[in-house]
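Engineer: The structure under discussion is supplied below as structure tokens; questions concerning it will follow.
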Amino acid sequence: MVSIRSIKPEQTYPLRHSVLWPDKPFEYVKIENDDEGFHFGAFRDEELVAVISLFIDDKEASPVEARFRKFAARPDLQRQGIGTKLLNHVIAEARRLGATSLWCDARLDAAAFYRRFGMEAVSEIFYKGPIPYARFSRTL
Ligand SMILES: CC(C)(COP(=O)(O)OP(=O)(O)OC[C@H]1O[C@@H](n2cnc3c(N)ncnc32)[C@H](O)[C@@H]1OP(=O)(O)O)[C@@H](O)C(=O)NCCC(=O)NCCS
């Protein structure tokens, strides 16, 4: 049984670090505007097993664009539907916040996952260190 709850930014850091950027210092996974974001966790048996963070970077923008970042599920629990639950939650929250589009900088490894949610690449490929990314986006 997995439940999705709002969490504090600090609670996302261990999974952000261990899943996404294990070779970087712990500080690397903190985002400067984490305090302005909405952070969600998937809990299984009261244990936090996946995280995602949602941001409206420009609150004056019209139309409103939402962005999610630092999406990470514990490796031994990946591909069991937990990420799907979290991303569906983020889509609903983004709509609730008035956003009409949702985007992320996606690791190309995860492109097939994002396409399942109607997200498509809207940029050229770019790199963060050795990891290839593209911006993926969809309307809400
Ligand atoms: C991407 C991630 C958060 C998805 O969470 P998850 O719990 O594994 O996702 P789900 O189990 O809900 O996946 C749903 C479907 O997408 C597939 N899928 C999951 N990750 C995938 C990937 N990286 N590439 C292709 N398909 C993927 C699953 O096989 C599943 O298909 P199925 O229902 O036919 O079995 C998780 O795999 C993860 O943490 N990956 C490593 C970090 C990462 O790449 N984060 C994203 C950075 S942009």
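By convention in this document, the chains of the structure tokens carry letters A, B, ... by their order, each chain's residues are numbered from 1, and ligands are numbered from 1 in the order they are shown.
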As a quick test: using only C-alpha atoms and all ligand atoms, which residues lie no more than 8 Å away from ligand 1? Give them as number ranges by chain.
Structural biologist: A: 19-20, 50-51, 69-75, 77-85, 104-114, 116, 133
Engineer: For the selection you just gave me, I'd like the residues written to a file as a CSV table (one decimal), in the first residue's frame, keeping N, CA and C atoms.
Structural biologist:
```csv
chain,number,residue,atom,x,y,z
A,19,VAL,N,19.6,8.4,-5.3
A,19,VAL,CA,19.1,7.9,-6.6
A,19,VAL,C,19.7,8.7,-7.8
A,20,LEU,N,19.7,10.0,-7.7
A,20,LEU,CA,20.0,10.8,-8.9
A,20,LEU,C,21.5,11.2,-9.0
A,50,ALA,N,9.9,7.3,-2.6
A,50,ALA,CA,10.0,8.1,-3.8
A,50,ALA,C,9.6,9.5,-3.6
A,51,VAL,N,10.3,10.4,-4.3
A,51,VAL,CA,10.0,11.9,-4.1
A,51,VAL,C,9.9,12.6,-5.5
A,69,ARG,N,10.8,18.6,-10.7
A,69,ARG,CA,12.2,18.4,-10.7
A,69,ARG,C,12.5,17.2,-9.7
A,70,LYS,N,13.7,16.7,-9.9
A,70,LYS,CA,14.2,15.7,-8.8
A,70,LYS,C,13.3,14.6,-8.5
A,71,PHE,N,12.9,13.9,-9.5
A,71,PHE,CA,11.9,12.8,-9.4
A,71,PHE,C,12.8,11.5,-9.2
A,72,ALA,N,12.6,10.8,-8.1
A,72,ALA,CA,13.5,9.7,-7.8
A,72,ALA,C,12.7,8.7,-7.0
A,73,ALA,N,12.8,7.4,-7.4
A,73,ALA,CA,12.2,6.3,-6.6
A,73,ALA,C,13.4,5.4,-6.2
A,74,ARG,N,13.2,4.8,-5.1
A,74,ARG,CA,14.2,3.8,-4.5
A,74,ARG,C,14.4,2.7,-5.6
A,75,PRO,N,15.7,2.4,-5.9
A,75,PRO,CA,16.0,1.5,-7.0
A,75,PRO,C,15.3,0.2,-6.9
A,77,LEU,N,12.5,-0.5,-5.8
A,77,LEU,CA,11.1,-0.4,-5.9
A,77,LEU,C,10.6,0.3,-7.2
A,78,GLN,N,11.6,0.5,-8.1
A,78,GLN,CA,11.2,1.1,-9.4
A,78,GLN,C,10.4,0.1,-10.2
A,79,ARG,N,9.7,0.7,-11.1
A,79,ARG,CA,8.9,-0.1,-12.1
A,79,ARG,C,7.8,-1.0,-11.4
A,80,GLN,N,7.3,-0.4,-10.3
A,80,GLN,CA,6.1,-1.1,-9.6
A,80,GLN,C,4.9,-0.1,-9.6
A,81,GLY,N,5.0,1.0,-10.3
A,81,GLY,CA,3.8,1.8,-10.3
A,81,GLY,C,3.9,3.0,-9.4
A,82,ILE,N,4.9,3.1,-8.6
A,82,ILE,CA,5.0,4.2,-7.6
A,82,ILE,C,5.2,5.5,-8.2
A,83,GLY,N,6.1,5.6,-9.2
A,83,GLY,CA,6.4,6.8,-9.9
A,83,GLY,C,5.2,7.3,-10.7
A,84,THR,N,4.4,6.4,-11.2
A,84,THR,CA,3.1,6.8,-11.9
A,84,THR,C,2.2,7.5,-10.9
A,85,LYS,N,2.1,6.9,-9.7
A,85,LYS,CA,1.2,7.5,-8.7
A,85,LYS,C,1.7,8.9,-8.4
A,104,CYS,N,9.6,19.3,-17.7
A,104,CYS,CA,10.7,18.9,-16.8
A,104,CYS,C,11.9,18.8,-17.7
A,105,ASP,N,13.1,18.8,-17.1
A,105,ASP,CA,14.3,18.4,-17.8
A,105,ASP,C,14.5,16.9,-17.6
A,106,ALA,N,14.2,16.1,-18.6
A,106,ALA,CA,14.1,14.7,-18.4
A,106,ALA,C,15.4,14.0,-18.8
A,107,ARG,N,15.9,13.1,-18.0
A,107,ARG,CA,17.0,12.2,-18.4
A,107,ARG,C,16.4,11.4,-19.6
A,108,LEU,N,17.2,11.2,-20.6
A,108,LEU,CA,16.7,10.5,-21.8
A,108,LEU,C,16.4,9.0,-21.4
A,109,ASP,N,17.1,8.5,-20.4
A,109,ASP,CA,16.8,7.2,-19.9
A,109,ASP,C,15.3,7.0,-19.5
A,110,ALA,N,14.7,8.1,-19.1
A,110,ALA,CA,13.3,8.1,-18.6
A,110,ALA,C,12.3,8.6,-19.6
A,111,ALA,N,12.8,8.8,-20.9
A,111,ALA,CA,11.9,9.4,-21.9
A,111,ALA,C,10.7,8.6,-22.1
A,112,ALA,N,10.9,7.2,-22.2
A,112,ALA,CA,9.7,6.4,-22.5
A,112,ALA,C,8.7,6.5,-21.4
A,113,PHE,N,9.2,6.6,-20.2
A,113,PHE,CA,8.3,6.8,-19.0
A,113,PHE,C,7.4,8.1,-19.2
A,114,TYR,N,8.1,9.2,-19.5
A,114,TYR,CA,7.4,10.5,-19.7
A,114,TYR,C,6.4,10.5,-20.8
A,116,ARG,N,4.6,8.1,-21.7
A,116,ARG,CA,3.3,7.5,-21.2
A,116,ARG,C,2.3,8.5,-20.7
A,133,TYR,N,20.0,14.8,-21.5
A,133,TYR,CA,18.7,15.3,-21.1
A,133,TYR,C,18.0,15.9,-22.3
```
Engineer: Using only C-alpha atoms, determine which residues lie at most 8 Å from range 2-13 of chain A, disregarding the query and same-chain residues fewer than 3 positions distant; provide the list as a PyMOL selection string.
Structural biologist: chain A and resi 16-17+26+29-30+34-35+37-45+51-52+82+85-86+89
Engineer: To one decimal place in Å, what is the distance between CA of Lys24 in chain A and CA of Phe126 in chain A?
Structural biologist: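 Separating CA of Lys24 in chain A from CA of Phe126 in chain A is a distance of 19.1 Å.
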Engineer: Which one is closest to Gly129 in chain A: A:Leu15, A:Lys59, A:Glu32, A:Asp23? Count only C-alpha atoms.
Structural biologist: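 Closest to Gly129 in chain A of all the choices is A:Asp23.
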Engineer: Run DSSP on the backbone and give me the residues of chain A it puts in strand (DSSP E), as a ChimeraX atom specification.
Structural biologist: /A:2-7,38-44,47-55,65-73,101-107,120-121,126-128,131-139
Engineer: From a DSSP calculation on the backbone, collect every residue of range 84-116 of chain A in helix (DSSP H, G or I) and output the set as a list in words.
Structural biologist: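 Matching residues, listed in order: Thr84, Lys85, Leu86, Leu87, Asn88, His89, Val90, Ile91, Ala92, Glu93, Ala94, Arg95, Arg96, Leu108, Asp109, Ala110, Ala111, Ala112, Phe113, Tyr114 and Arg115 of chain A.
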Engineer: With C-alpha atoms retained, export the selected residues as a short mmCIF file (atom, residue, chain, number, x, y, z; two decimals), in the first residue's frame.
Structural biologist:
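As written to disk, part_10.cif reads:
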```cif
data_model
loop_
_atom_site.label_atom_id
_atom_site.label_comp_id
_atom_site.auth_asym_id
_atom_site.auth_seq_id
_atom_site.Cartn_x
_atom_site.Cartn_y
_atom_site.Cartn_z
CA THR A 84 3.14 6.75 -11.89
CA LYS A 85 1.20 7.53 -8.72
CA LEU A 86 3.53 10.41 -7.85
CA LEU A 87 3.48 11.93 -11.32
CA ASN A 88 -0.32 11.67 -11.54
CA HIS A 89 -0.46 13.49 -8.21
CA VAL A 90 1.84 16.21 -9.52
CA ILE A 91 -0.28 16.63 -12.66
CA ALA A 92 -3.40 17.08 -10.51
CA GLU A 93 -1.62 19.54 -8.18
CA ALA A 94 -0.25 21.55 -11.09
CA ARG A 95 -3.77 21.87 -12.50
CA ARG A 96 -5.07 22.84 -9.06
CA LEU A 108 16.74 10.46 -21.77
CA ASP A 109 16.79 7.15 -19.87
CA ALA A 110 13.34 8.06 -18.60
CA ALA A 111 11.94 9.41 -21.89
CA ALA A 112 9.71 6.37 -22.48
CA PHE A 113 8.26 6.82 -19.02
CA TYR A 114 7.37 10.48 -19.66
CA ARG A 115 5.84 9.70 -23.05
#
```
Engineer: Closest to Leu54 in chain A among A:Leu102, A:Met119, A:Lys128, A:Tyr28, using only C-alpha atoms?
Structural biologist: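 Comparing A:Leu102, A:Met119, A:Lys128, A:Tyr28 against Leu54 in chain A, the winner is A:Leu102.
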Engineer: Could you check the closest approach to Phe136 in chain A for each of A:Glu60, A:Glu36, A:Glu27, A:Glu120 and tell me which residue wins, using only C-alpha atoms?
Structural biologist: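 Residue with the minimum atom-to-atom distance to Phe136 in chain A: A:Glu120.
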Engineer: Would you list the contacts of range 61-66 of chain A as a VMD selection string, taking every protein, DNA or RNA residue within 8 Å and counting only C-alpha atoms, but skipping same-chain residues closer than 4 positions in sequence?
Structural biologist: chain A and resid 54 to 57 94 98 to 103
